[in-house]
>>> print(open('coords.tsv').read())   # TSV, C-alpha atoms
chain	number	residue	atom	x	y	z
A	2	MET	CA	0.00	0.00	0.00
A	3	SER	CA	2.85	2.31	0.83
A	4	ILE	CA	4.34	1.59	-2.58
A	5	VAL	CA	1.09	2.63	-4.24
A	6	ARG	CA	0.90	5.84	-2.19
A	7	HIS	CA	4.52	6.61	-3.04
A	8	SER	CA	3.90	6.08	-6.74
A	9	LEU	CA	0.82	8.32	-6.63
A	10	ALA	CA	2.79	10.99	-4.84
A	11	LEU	CA	5.48	10.91	-7.49
A	12	LEU	CA	2.90	11.08	-10.26
A	13	PHE	CA	1.16	14.00	-8.56
A	14	GLY	CA	4.50	15.81	-8.22
A	15	VAL	CA	5.28	15.31	-11.89
A	16	LEU	CA	1.84	16.62	-12.90
A	17	VAL	CA	2.18	19.68	-10.68
A	18	ALA	CA	5.63	20.41	-12.12
A	19	ALA	CA	4.33	19.99	-15.63
A	20	CYS	CA	1.42	22.29	-14.96
A	21	GLY	CA	3.79	24.83	-13.50
A	22	MET	CA	5.80	24.88	-16.70
A	23	LEU	CA	2.88	25.32	-19.06
A	24	PRO	CA	2.56	29.10	-18.86
A	25	ASP	CA	6.27	29.57	-19.73
A	26	SER	CA	6.28	27.05	-22.56
A	27	GLU	CA	3.12	28.33	-24.23
A	28	ASP	CA	3.37	30.89	-27.00
A	29	GLU	CA	1.58	34.00	-25.81
A	30	THR	CA	0.76	34.92	-29.40
A	31	ARG	CA	-1.09	31.68	-30.07
A	32	GLY	CA	-4.46	32.54	-31.54
A	33	TRP	CA	-3.57	36.16	-32.25
A	34	SER	CA	-4.99	37.59	-35.44
A	35	ALA	CA	-2.82	39.21	-38.10
A	36	GLN	CA	-4.00	42.62	-36.95
A	37	LYS	CA	-3.17	41.83	-33.32
A	38	LEU	CA	0.34	40.65	-34.23
A	39	TYR	CA	0.93	43.72	-36.36
A	40	SER	CA	-0.35	46.10	-33.69
A	41	GLU	CA	1.86	44.55	-31.01
A	42	ALA	CA	4.87	44.60	-33.34
A	43	LYS	CA	4.25	48.23	-34.22
A	44	ASP	CA	3.89	49.22	-30.57
A	45	ASN	CA	7.22	47.57	-29.78
A	46	LEU	CA	8.84	49.21	-32.78
A	47	ASN	CA	7.65	52.64	-31.70
A	48	SER	CA	8.85	51.96	-28.15
A	49	GLY	CA	12.33	51.00	-29.31
A	50	ASN	CA	11.91	47.30	-28.47
A	51	TYR	CA	13.28	46.28	-31.84
A	52	ASP	CA	14.07	42.64	-31.06
A	53	GLN	CA	10.53	41.99	-29.87
A	54	ALA	CA	9.07	43.87	-32.83
A	55	ILE	CA	11.10	41.76	-35.24
A	56	LYS	CA	9.88	38.55	-33.54
A	57	TYR	CA	6.24	39.60	-33.85
A	58	TYR	CA	6.70	40.60	-37.49
A	59	GLY	CA	8.28	37.20	-38.13
A	60	LYS	CA	5.32	35.39	-36.55
A	61	LEU	CA	2.93	37.49	-38.61
A	62	GLU	CA	4.68	36.58	-41.86
A	63	ALA	CA	4.86	32.91	-40.92
A	64	ARG	CA	1.19	32.57	-39.95
A	65	TYR	CA	-0.39	35.00	-42.39
A	66	PRO	CA	2.00	35.10	-45.37
A	67	TYR	CA	-0.48	36.68	-47.74
A	68	GLY	CA	-2.02	40.11	-47.59
A	69	ARG	CA	-1.21	43.72	-46.90
A	70	LEU	CA	-0.07	43.28	-43.30
A	71	ALA	CA	2.48	40.61	-44.17
A	72	GLN	CA	3.94	42.86	-46.84
A	73	GLN	CA	4.10	45.81	-44.48
A	74	ALA	CA	5.70	43.55	-41.87
A	75	GLN	CA	8.63	43.01	-44.24
A	76	VAL	CA	9.10	46.76	-44.67
A	77	ASP	CA	8.90	47.35	-40.93
A	78	THR	CA	11.33	44.51	-40.28
A	79	ALA	CA	13.95	46.20	-42.47
A	80	TYR	CA	13.38	49.45	-40.59
A	81	ALA	CA	13.57	47.70	-37.20
A	82	TYR	CA	16.92	46.12	-38.09
A	83	TYR	CA	18.14	49.52	-39.27
A	84	LYS	CA	17.15	51.18	-36.00
A	85	ASP	CA	18.68	48.30	-34.04
A	86	ASN	CA	22.07	48.92	-35.69
A	87	GLU	CA	21.95	45.71	-37.70
A	88	PRO	CA	22.65	47.10	-41.19
A	89	ALA	CA	23.45	43.76	-42.83
A	90	GLN	CA	20.13	42.25	-41.69
A	91	ALA	CA	18.31	45.43	-42.69
A	92	ILE	CA	19.75	45.28	-46.21
A	93	VAL	CA	18.77	41.62	-46.54
A	94	ALA	CA	15.20	42.44	-45.49
A	95	ALA	CA	15.01	45.41	-47.87
A	96	ASP	CA	16.39	43.41	-50.81
A	97	ARG	CA	13.95	40.61	-50.09
A	98	PHE	CA	11.01	42.99	-50.24
A	99	ILE	CA	12.25	44.64	-53.45
A	100	LYS	CA	12.67	41.24	-55.09
A	101	MET	CA	9.24	39.99	-54.01
A	102	TYR	CA	7.27	43.19	-54.61
A	103	PRO	CA	9.07	45.29	-57.25
A	104	ASN	CA	5.87	47.18	-58.09
A	105	HIS	CA	4.57	47.65	-54.55
A	106	PRO	CA	3.25	51.16	-53.81
A	107	ASN	CA	5.81	51.52	-51.00
A	108	VAL	CA	8.83	50.14	-52.83
A	109	ASP	CA	10.15	53.69	-53.29
A	110	TYR	CA	10.44	53.96	-49.52
A	111	VAL	CA	12.34	50.66	-49.37
A	112	TYR	CA	14.88	51.93	-51.91
A	113	TYR	CA	15.19	55.10	-49.83
A	114	LEU	CA	15.62	53.07	-46.66
A	115	LYS	CA	18.28	50.93	-48.31
A	116	GLY	CA	20.12	54.09	-49.28
A	117	LEU	CA	19.91	55.41	-45.72
A	118	ILE	CA	21.17	52.14	-44.28
A	119	ASN	CA	24.31	52.18	-46.42
A	120	PHE	CA	24.71	55.94	-46.05
A	121	ASN	CA	24.82	55.76	-42.28
A	122	ASP	CA	26.60	52.41	-42.11
A	123	ASP	CA	29.95	53.34	-43.62
A	124	LEU	CA	29.79	57.02	-44.36
A	125	GLY	CA	27.46	59.38	-42.58
A	126	PHE	CA	28.73	62.73	-41.43
A	127	THR	CA	30.55	61.32	-38.39
A	128	GLY	CA	33.35	59.93	-40.53
A	129	TYR	CA	34.27	63.38	-41.74
A	130	ILE	CA	33.76	65.05	-38.39
A	131	GLY	CA	35.98	62.41	-36.79
A	132	GLY	CA	38.72	63.10	-39.30
A	133	GLN	CA	38.96	59.57	-40.66
A	134	ASP	CA	41.46	58.99	-43.46
A	135	LEU	CA	39.33	58.16	-46.49
A	136	THR	CA	42.21	56.25	-48.09
A	137	GLU	CA	41.77	53.64	-45.35
A	138	ARG	CA	38.03	53.25	-45.82
A	139	ASP	CA	36.17	50.95	-48.20
A	140	PRO	CA	33.74	53.05	-50.26
A	141	LYS	CA	31.60	49.99	-51.03
A	142	ALA	CA	28.72	51.10	-48.80
A	143	VAL	CA	28.94	54.61	-50.21
A	144	ARG	CA	28.54	53.30	-53.75
A	145	GLU	CA	25.67	51.02	-52.72
A	146	ALA	CA	23.92	53.93	-51.00
A	147	PHE	CA	24.30	56.00	-54.15
A	148	GLU	CA	22.95	53.19	-56.37
A	149	ALA	CA	19.87	52.66	-54.17
A	150	LEU	CA	19.09	56.37	-54.11
A	151	ARG	CA	19.68	56.68	-57.84
A	152	GLU	CA	17.28	53.80	-58.46
A	153	LEU	CA	14.69	55.60	-56.34
A	154	THR	CA	15.04	58.94	-58.15
A	155	THR	CA	15.14	57.31	-61.58
A	156	ARG	CA	12.14	55.03	-61.12
A	157	PHE	CA	10.12	57.29	-58.86
A	158	PRO	CA	11.02	60.92	-59.65
A	159	ASP	CA	7.79	62.13	-58.02
A	160	SER	CA	8.33	60.19	-54.81
A	161	ARG	CA	8.12	62.15	-51.56
A	162	TYR	CA	11.58	60.78	-50.76
A	163	ALA	CA	13.17	61.94	-54.03
A	164	PRO	CA	14.25	65.47	-52.91
A	165	ASP	CA	16.13	64.16	-49.88
A	166	ALA	CA	17.56	61.33	-51.97
A	167	ILE	CA	18.93	63.84	-54.50
A	168	ALA	CA	20.53	65.91	-51.74
A	169	ARG	CA	22.18	62.81	-50.30
A	170	MET	CA	23.34	61.72	-53.75
A	171	ASN	CA	25.09	65.06	-54.25
A	172	TYR	CA	26.87	64.54	-50.96
A	173	LEU	CA	27.75	60.97	-51.86
A	174	VAL	CA	29.19	61.94	-55.25
A	175	ASN	CA	31.60	64.33	-53.59
A	176	ALA	CA	32.39	61.73	-50.94
A	177	LEU	CA	33.31	59.20	-53.64
A	178	ALA	CA	35.36	61.81	-55.49
A	179	SER	CA	37.04	62.78	-52.21
A	180	HIS	CA	38.01	59.16	-51.63
A	181	GLU	CA	39.74	58.97	-55.00
A	182	VAL	CA	41.44	62.33	-54.49
A	183	HIS	CA	42.67	61.30	-51.06
A	184	VAL	CA	44.20	58.18	-52.58
A	185	ALA	CA	45.80	60.33	-55.27
A	186	ARG	CA	47.23	62.60	-52.57
A	187	HIS	CA	48.50	59.51	-50.75
A	188	TYR	CA	50.48	58.54	-53.85
A	189	MET	CA	51.58	62.10	-54.50
A	190	VAL	CA	53.23	62.70	-51.15
A	191	ARG	CA	55.12	59.41	-51.57
A	192	GLY	CA	56.46	60.38	-54.96
A	193	ALA	CA	54.37	57.86	-56.91
A	194	TYR	CA	53.48	60.42	-59.56
A	195	VAL	CA	52.15	58.07	-62.23
A	196	ALA	CA	49.77	56.42	-59.76
A	197	ALA	CA	48.74	59.82	-58.39
A	198	ALA	CA	47.94	61.09	-61.89
A	199	ALA	CA	45.93	57.96	-62.73
A	200	ARG	CA	43.82	58.20	-59.58
A	201	ALA	CA	43.23	61.93	-59.99
A	202	GLN	CA	42.18	61.39	-63.63
A	203	PHE	CA	39.73	58.70	-62.55
A	204	ALA	CA	38.10	61.03	-60.00
A	205	ILE	CA	37.80	63.89	-62.51
A	206	LYS	CA	36.33	61.73	-65.28
A	207	THR	CA	34.00	59.69	-63.07
A	208	TYR	CA	32.69	62.55	-60.90
A	209	PRO	CA	33.09	65.61	-63.18
A	210	ARG	CA	31.01	68.01	-61.07
A	211	ALA	CA	32.36	67.15	-57.64
A	212	PRO	CA	33.92	70.04	-55.67
A	213	ALA	CA	36.71	67.67	-54.63
A	214	ASN	CA	37.99	67.79	-58.20
A	215	GLU	CA	39.69	71.11	-57.55
A	216	GLU	CA	42.25	69.24	-55.50
A	217	GLY	CA	42.21	66.43	-58.05
A	218	LEU	CA	43.24	68.87	-60.77
A	219	VAL	CA	45.90	70.34	-58.50
A	220	ILE	CA	47.34	66.87	-57.90
A	221	LEU	CA	47.22	66.11	-61.63
A	222	LEU	CA	48.97	69.41	-62.34
A	223	GLY	CA	51.71	68.58	-59.85
A	224	ALA	CA	52.12	65.01	-61.05
A	225	TYR	CA	52.61	66.14	-64.66
A	226	ASP	CA	54.97	68.83	-63.44
A	227	ALA	CA	57.04	66.29	-61.51
A	228	LEU	CA	57.07	63.91	-64.49
A	229	GLY	CA	58.19	66.65	-66.85
A	230	MET	CA	55.05	66.39	-68.99
A	231	LYS	CA	54.84	70.05	-69.93
A	232	ASP	CA	52.00	69.85	-72.46
A	233	LEU	CA	49.74	67.82	-70.16
A	234	ARG	CA	50.58	70.14	-67.29
A	235	GLU	CA	49.55	73.18	-69.31
A	236	ASP	CA	46.33	71.48	-70.45
A	237	THR	CA	45.49	70.65	-66.84
A	238	GLU	CA	46.20	74.22	-65.77
A	239	ARG	CA	43.77	75.52	-68.38
A	240	VAL	CA	41.07	73.14	-67.12
A	241	LEU	CA	41.75	74.26	-63.56
A	242	MET	CA	41.49	77.92	-64.58
A	243	LYS	CA	38.20	77.33	-66.39
A	244	ASN	CA	36.50	75.32	-63.64
A	245	PHE	CA	38.06	76.83	-60.52
A	246	PRO	CA	39.16	80.36	-61.43
A	247	ASP	CA	39.46	81.35	-57.77
A	248	SER	CA	41.77	78.49	-56.85
A	249	LYS	CA	44.56	79.62	-54.56
A	250	VAL	CA	46.99	77.63	-56.69
A	251	LEU	CA	46.27	79.88	-59.66
A	252	LYS	CA	46.75	82.97	-57.54
A	253	GLY	CA	50.09	81.79	-56.19
A	254	ASP	CA	53.56	81.80	-57.72
A	255	ARG	CA	53.55	79.01	-60.30
A	256	ALA	CA	56.87	79.98	-61.84
A	257	THR	CA	58.82	77.75	-59.47
A	258	SER	CA	58.50	74.04	-60.18
A	259	GLY	CA	56.56	72.30	-57.45
A	260	SER	CA	55.22	75.51	-55.91
A	261	TRP	CA	51.65	74.33	-56.59
A	262	TRP	CA	51.90	71.86	-53.69
A	263	GLN	CA	53.20	74.38	-51.19
A	264	ILE	CA	50.46	76.82	-52.21
A	265	TRP	CA	47.71	74.21	-51.93
A	266	THR	CA	48.77	72.91	-48.54
A	267	ARG	CA	49.40	76.21	-46.80
>>> encode(input="coords.tsv", output="structure tokens")
Amino acid sequence: MSIVRHSLALLFGVLVAACGMLPDSEDETRGWSAQKLYSEAKDNLNSGNYDQAIKYYGKLEARYPYGRLAQQAQVDTAYAYYKDNEPAQAIVAADRFIKMYPNHPNVDYVYYLKGLINFNDDLGFTGYIGGQDLTERDPKAVREAFEALRELTTRFPDSRYAPDAIARMNYLVNALASHEVHVARHYMVRGAYVAAAARAQFAIKTYPRAPANEEGLVILLGAYDALGMKDLREDTERVLMKNFPDSKVLKGDRATSGSWWQIWTR
């Protein structure tokens, strides 16, 4: 009899323990509608609880893969990753949406978001404020930001995001030109004049309207001067005079070979 009572006691203990675990093991979202999942996800997103928002969006897509809310969940997921400082995941989510819904009414925003993600990931304004050496930075994200924003402005010129995209593109063009010019300067100060000239030429031809090209032309002028290429030097000087007539190099003493560099770096 004692054996039976002992067995029953053990069984009762197991049942109580199992019952105690049920609330923790159950999914709180079980039975939630698509609207309920989306509302909870959006509330968490607005509150800065990005991990939880992403989980709810994921459940919404898994349970209700078709319809407007599932599509919007993908857009919001990309934004949540972006806000949570997960740029790689944000780009993946944005690319997934663009591939699945290339003609969606909100796809212009997704292109804009993709541009912002790359813009702030590797470039932003903090890189310049912090005085980072652009020759040591990979401009890959800068180029990808530019391409996403260009796609937006080309496909959706009337988009509400187009004006800001254009402003950012102008900044990005000069940033890309600045990168090339910084590399050219890097070669120039080390006496690698052929490499400096090649990099400066690339910047000028690829980004013809960038303000950074004033220095690019100055470097090209100096490289030709150092290499003894008189005709090319004179051609470059004429281009510099035409495009940057107020350049301090032109106002300085150019009679002495090499003086362009001392003038520019004063």
>>> atom_distance(input="coords.tsv", atom1="CA of Gln72 in chain A", atom2="CA of Gln90 in chain A")
17.0 Å
>>> residues_around(input="coords.tsv", residues="range 53-63 of chain A", least_positions_apart="5", cutoff="8 Å", atoms="all atoms listed in the file", output="list in words")
Ala35, Leu38, Tyr39, Glu41, Ala42, Lys43, Asp44, Asn45, Leu46, Ala71, Ala74, Gln75, Asp77, Thr78, Ala81 and Tyr82 of chain A
>>> closest_residue(input="coords.tsv", among="A:Phe147, A:Leu222, A:Thr154, A:Ala193", to="Arg234 in chain A", atoms="only C-alpha atoms")
A:Leu222
>>> residues_near_point(input="coords.tsv", point="(13.3, 61.4, -59.9)", cutoff="12 Å", atoms="all atoms listed in the file", output="compact mmCIF listing (two decimals) with C-alpha atoms, in the frame of the given file")
# COMPACT_ATOMS: atom_id res chain seq x y z
CA ASP A 109 10.15 53.69 -53.29
CA LEU A 150 19.09 56.37 -54.11
CA ARG A 151 19.68 56.68 -57.84
CA GLU A 152 17.28 53.80 -58.46
CA LEU A 153 14.69 55.60 -56.34
CA THR A 154 15.04 58.94 -58.15
CA THR A 155 15.14 57.31 -61.58
CA ARG A 156 12.14 55.03 -61.12
CA PHE A 157 10.12 57.29 -58.86
CA PRO A 158 11.02 60.92 -59.65
CA ASP A 159 7.79 62.13 -58.02
CA SER A 160 8.33 60.19 -54.81
CA ARG A 161 8.12 62.15 -51.56
CA TYR A 162 11.58 60.78 -50.76
CA ALA A 163 13.17 61.94 -54.03
CA PRO A 164 14.25 65.47 -52.91
CA ASP A 165 16.13 64.16 -49.88
CA ALA A 166 17.56 61.33 -51.97
CA ILE A 167 18.93 63.84 -54.50
CA ALA A 168 20.53 65.91 -51.74
CA MET A 170 23.34 61.72 -53.75
>>> residues_near_point(input="coords.tsv", point="(40.5, 62.6, -62.7)", cutoff="10 Å", atoms="all atoms listed in the file", output="ChimeraX atom specification")
/A:178,181-182,185,197-209,214-218,220-221
>>> atom_distance(input="coords.tsv", atom1="CA of Glu145 in chain A", atom2="CA of Gly116 in chain A")
7.2 Å
>>> atom_distance(input="coords.tsv", atom1="CA of Asp236 in chain A", atom2="CA of Arg186 in chain A")
20.0 Å
>>> closest_residue(input="coords.tsv", among="A:Ile92, A:Leu173, A:Val190, A:Val108", to="Ala213 in chain A", atoms="all atoms listed in the file")
A:Leu173
>>> closest_residue(input="coords.tsv", among="A:Val219, A:Tyr65, A:Asn47, A:Gly229", to="Met242 in chain A", atoms="all atoms listed in the file")
A:Val219
>>> decode(input="coords.tsv", residues="range 39-166 of chain A", atoms="C-alpha atoms", output="PDB file, in the first residue's frame")
ATOM      1  CA  TYR A  39       0.934  43.716 -36.363  1.00  0.00           C
ATOM      2  CA  SER A  40      -0.348  46.104 -33.693  1.00  0.00           C
ATOM      3  CA  GLU A  41       1.857  44.550 -31.014  1.00  0.00           C
ATOM      4  CA  ALA A  42       4.868  44.595 -33.339  1.00  0.00           C
ATOM      5  CA  LYS A  43       4.251  48.231 -34.223  1.00  0.00           C
ATOM      6  CA  ASP A  44       3.893  49.215 -30.574  1.00  0.00           C
ATOM      7  CA  ASN A  45       7.221  47.565 -29.776  1.00  0.00           C
ATOM      8  CA  LEU A  46       8.843  49.210 -32.778  1.00  0.00           C
ATOM      9  CA  ASN A  47       7.646  52.638 -31.700  1.00  0.00           C
ATOM     10  CA  SER A  48       8.853  51.957 -28.155  1.00  0.00           C
ATOM     11  CA  GLY A  49      12.332  50.997 -29.312  1.00  0.00           C
ATOM     12  CA  ASN A  50      11.908  47.299 -28.469  1.00  0.00           C
ATOM     13  CA  TYR A  51      13.280  46.284 -31.843  1.00  0.00           C
ATOM     14  CA  ASP A  52      14.070  42.636 -31.056  1.00  0.00           C
ATOM     15  CA  GLN A  53      10.528  41.992 -29.869  1.00  0.00           C
ATOM     16  CA  ALA A  54       9.068  43.869 -32.829  1.00  0.00           C
ATOM     17  CA  ILE A  55      11.097  41.755 -35.242  1.00  0.00           C
ATOM     18  CA  LYS A  56       9.877  38.554 -33.541  1.00  0.00           C
ATOM     19  CA  TYR A  57       6.242  39.605 -33.847  1.00  0.00           C
ATOM     20  CA  TYR A  58       6.702  40.597 -37.489  1.00  0.00           C
ATOM     21  CA  GLY A  59       8.282  37.202 -38.127  1.00  0.00           C
ATOM     22  CA  LYS A  60       5.323  35.391 -36.554  1.00  0.00           C
ATOM     23  CA  LEU A  61       2.932  37.487 -38.612  1.00  0.00           C
ATOM     24  CA  GLU A  62       4.676  36.576 -41.862  1.00  0.00           C
ATOM     25  CA  ALA A  63       4.860  32.906 -40.921  1.00  0.00           C
ATOM     26  CA  ARG A  64       1.186  32.574 -39.946  1.00  0.00           C
ATOM     27  CA  TYR A  65      -0.390  35.004 -42.388  1.00  0.00           C
ATOM     28  CA  PRO A  66       2.002  35.101 -45.365  1.00  0.00           C
ATOM     29  CA  TYR A  67      -0.480  36.682 -47.736  1.00  0.00           C
ATOM     30  CA  GLY A  68      -2.017  40.105 -47.594  1.00  0.00           C
ATOM     31  CA  ARG A  69      -1.210  43.720 -46.899  1.00  0.00           C
ATOM     32  CA  LEU A  70      -0.066  43.282 -43.295  1.00  0.00           C
ATOM     33  CA  ALA A  71       2.483  40.606 -44.172  1.00  0.00           C
ATOM     34  CA  GLN A  72       3.939  42.856 -46.844  1.00  0.00           C
ATOM     35  CA  GLN A  73       4.098  45.807 -44.476  1.00  0.00           C
ATOM     36  CA  ALA A  74       5.703  43.554 -41.868  1.00  0.00           C
ATOM     37  CA  GLN A  75       8.632  43.011 -44.244  1.00  0.00           C
ATOM     38  CA  VAL A  76       9.105  46.759 -44.672  1.00  0.00           C
ATOM     39  CA  ASP A  77       8.896  47.349 -40.934  1.00  0.00           C
ATOM     40  CA  THR A  78      11.335  44.512 -40.279  1.00  0.00           C
ATOM     41  CA  ALA A  79      13.949  46.199 -42.475  1.00  0.00           C
ATOM     42  CA  TYR A  80      13.382  49.446 -40.590  1.00  0.00           C
ATOM     43  CA  ALA A  81      13.570  47.701 -37.201  1.00  0.00           C
ATOM     44  CA  TYR A  82      16.922  46.123 -38.085  1.00  0.00           C
ATOM     45  CA  TYR A  83      18.144  49.518 -39.268  1.00  0.00           C
ATOM     46  CA  LYS A  84      17.146  51.176 -35.999  1.00  0.00           C
ATOM     47  CA  ASP A  85      18.679  48.295 -34.039  1.00  0.00           C
ATOM     48  CA  ASN A  86      22.068  48.924 -35.685  1.00  0.00           C
ATOM     49  CA  GLU A  87      21.946  45.715 -37.696  1.00  0.00           C
ATOM     50  CA  PRO A  88      22.654  47.102 -41.189  1.00  0.00           C
ATOM     51  CA  ALA A  89      23.448  43.756 -42.827  1.00  0.00           C
ATOM     52  CA  GLN A  90      20.133  42.252 -41.687  1.00  0.00           C
ATOM     53  CA  ALA A  91      18.310  45.428 -42.691  1.00  0.00           C
ATOM     54  CA  ILE A  92      19.746  45.284 -46.213  1.00  0.00           C
ATOM     55  CA  VAL A  93      18.769  41.623 -46.537  1.00  0.00           C
ATOM     56  CA  ALA A  94      15.196  42.436 -45.492  1.00  0.00           C
ATOM     57  CA  ALA A  95      15.013  45.406 -47.870  1.00  0.00           C
ATOM     58  CA  ASP A  96      16.395  43.412 -50.814  1.00  0.00           C
ATOM     59  CA  ARG A  97      13.954  40.611 -50.087  1.00  0.00           C
ATOM     60  CA  PHE A  98      11.010  42.993 -50.236  1.00  0.00           C
ATOM     61  CA  ILE A  99      12.248  44.639 -53.455  1.00  0.00           C
ATOM     62  CA  LYS A 100      12.665  41.239 -55.087  1.00  0.00           C
ATOM     63  CA  MET A 101       9.241  39.989 -54.005  1.00  0.00           C
ATOM     64  CA  TYR A 102       7.274  43.190 -54.608  1.00  0.00           C
ATOM     65  CA  PRO A 103       9.067  45.294 -57.251  1.00  0.00           C
ATOM     66  CA  ASN A 104       5.870  47.180 -58.086  1.00  0.00           C
ATOM     67  CA  HIS A 105       4.569  47.653 -54.555  1.00  0.00           C
ATOM     68  CA  PRO A 106       3.247  51.164 -53.805  1.00  0.00           C
ATOM     69  CA  ASN A 107       5.815  51.521 -51.001  1.00  0.00           C
ATOM     70  CA  VAL A 108       8.831  50.139 -52.834  1.00  0.00           C
ATOM     71  CA  ASP A 109      10.152  53.695 -53.294  1.00  0.00           C
ATOM     72  CA  TYR A 110      10.444  53.959 -49.518  1.00  0.00           C
ATOM     73  CA  VAL A 111      12.339  50.659 -49.370  1.00  0.00           C
ATOM     74  CA  TYR A 112      14.883  51.932 -51.909  1.00  0.00           C
ATOM     75  CA  TYR A 113      15.187  55.102 -49.834  1.00  0.00           C
ATOM     76  CA  LEU A 114      15.620  53.073 -46.655  1.00  0.00           C
ATOM     77  CA  LYS A 115      18.281  50.929 -48.310  1.00  0.00           C
ATOM     78  CA  GLY A 116      20.119  54.095 -49.285  1.00  0.00           C
ATOM     79  CA  LEU A 117      19.909  55.411 -45.724  1.00  0.00           C
ATOM     80  CA  ILE A 118      21.172  52.136 -44.276  1.00  0.00           C
ATOM     81  CA  ASN A 119      24.311  52.179 -46.418  1.00  0.00           C
ATOM     82  CA  PHE A 120      24.712  55.941 -46.054  1.00  0.00           C
ATOM     83  CA  ASN A 121      24.816  55.755 -42.278  1.00  0.00           C
ATOM     84  CA  ASP A 122      26.599  52.413 -42.112  1.00  0.00           C
ATOM     85  CA  ASP A 123      29.945  53.336 -43.623  1.00  0.00           C
ATOM     86  CA  LEU A 124      29.785  57.018 -44.360  1.00  0.00           C
ATOM     87  CA  GLY A 125      27.460  59.381 -42.583  1.00  0.00           C
ATOM     88  CA  PHE A 126      28.727  62.734 -41.429  1.00  0.00           C
ATOM     89  CA  THR A 127      30.549  61.322 -38.390  1.00  0.00           C
ATOM     90  CA  GLY A 128      33.347  59.933 -40.535  1.00  0.00           C
ATOM     91  CA  TYR A 129      34.272  63.382 -41.738  1.00  0.00           C
ATOM     92  CA  ILE A 130      33.765  65.054 -38.388  1.00  0.00           C
ATOM     93  CA  GLY A 131      35.977  62.414 -36.790  1.00  0.00           C
ATOM     94  CA  GLY A 132      38.725  63.103 -39.302  1.00  0.00           C
ATOM     95  CA  GLN A 133      38.958  59.568 -40.663  1.00  0.00           C
ATOM     96  CA  ASP A 134      41.459  58.987 -43.463  1.00  0.00           C
ATOM     97  CA  LEU A 135      39.330  58.155 -46.494  1.00  0.00           C
ATOM     98  CA  THR A 136      42.213  56.250 -48.092  1.00  0.00           C
ATOM     99  CA  GLU A 137      41.769  53.639 -45.353  1.00  0.00           C
ATOM    100  CA  ARG A 138      38.031  53.253 -45.821  1.00  0.00           C
ATOM    101  CA  ASP A 139      36.169  50.951 -48.198  1.00  0.00           C
ATOM    102  CA  PRO A 140      33.743  53.047 -50.255  1.00  0.00           C
ATOM    103  CA  LYS A 141      31.596  49.988 -51.029  1.00  0.00           C
ATOM    104  CA  ALA A 142      28.721  51.099 -48.797  1.00  0.00           C
ATOM    105  CA  VAL A 143      28.942  54.615 -50.212  1.00  0.00           C
ATOM    106  CA  ARG A 144      28.541  53.296 -53.751  1.00  0.00           C
ATOM    107  CA  GLU A 145      25.674  51.024 -52.722  1.00  0.00           C
ATOM    108  CA  ALA A 146      23.924  53.926 -51.002  1.00  0.00           C
ATOM    109  CA  PHE A 147      24.297  56.002 -54.154  1.00  0.00           C
ATOM    110  CA  GLU A 148      22.949  53.195 -56.365  1.00  0.00           C
ATOM    111  CA  ALA A 149      19.873  52.662 -54.168  1.00  0.00           C
ATOM    112  CA  LEU A 150      19.090  56.374 -54.112  1.00  0.00           C
ATOM    113  CA  ARG A 151      19.681  56.684 -57.839  1.00  0.00           C
ATOM    114  CA  GLU A 152      17.281  53.802 -58.465  1.00  0.00           C
ATOM    115  CA  LEU A 153      14.693  55.602 -56.344  1.00  0.00           C
ATOM    116  CA  THR A 154      15.045  58.935 -58.149  1.00  0.00           C
ATOM    117  CA  THR A 155      15.140  57.311 -61.578  1.00  0.00           C
ATOM    118  CA  ARG A 156      12.137  55.027 -61.123  1.00  0.00           C
ATOM    119  CA  PHE A 157      10.116  57.286 -58.860  1.00  0.00           C
ATOM    120  CA  PRO A 158      11.020  60.918 -59.648  1.00  0.00           C
ATOM    121  CA  ASP A 159       7.794  62.130 -58.018  1.00  0.00           C
ATOM    122  CA  SER A 160       8.329  60.187 -54.807  1.00  0.00           C
ATOM    123  CA  ARG A 161       8.118  62.155 -51.562  1.00  0.00           C
ATOM    124  CA  TYR A 162      11.578  60.780 -50.757  1.00  0.00           C
ATOM    125  CA  ALA A 163      13.174  61.941 -54.029  1.00  0.00           C
ATOM    126  CA  PRO A 164      14.245  65.466 -52.907  1.00  0.00           C
ATOM    127  CA  ASP A 165      16.127  64.160 -49.880  1.00  0.00           C
ATOM    128  CA  ALA A 166      17.564  61.327 -51.967  1.00  0.00           C
TER     129      ALA A 166
END
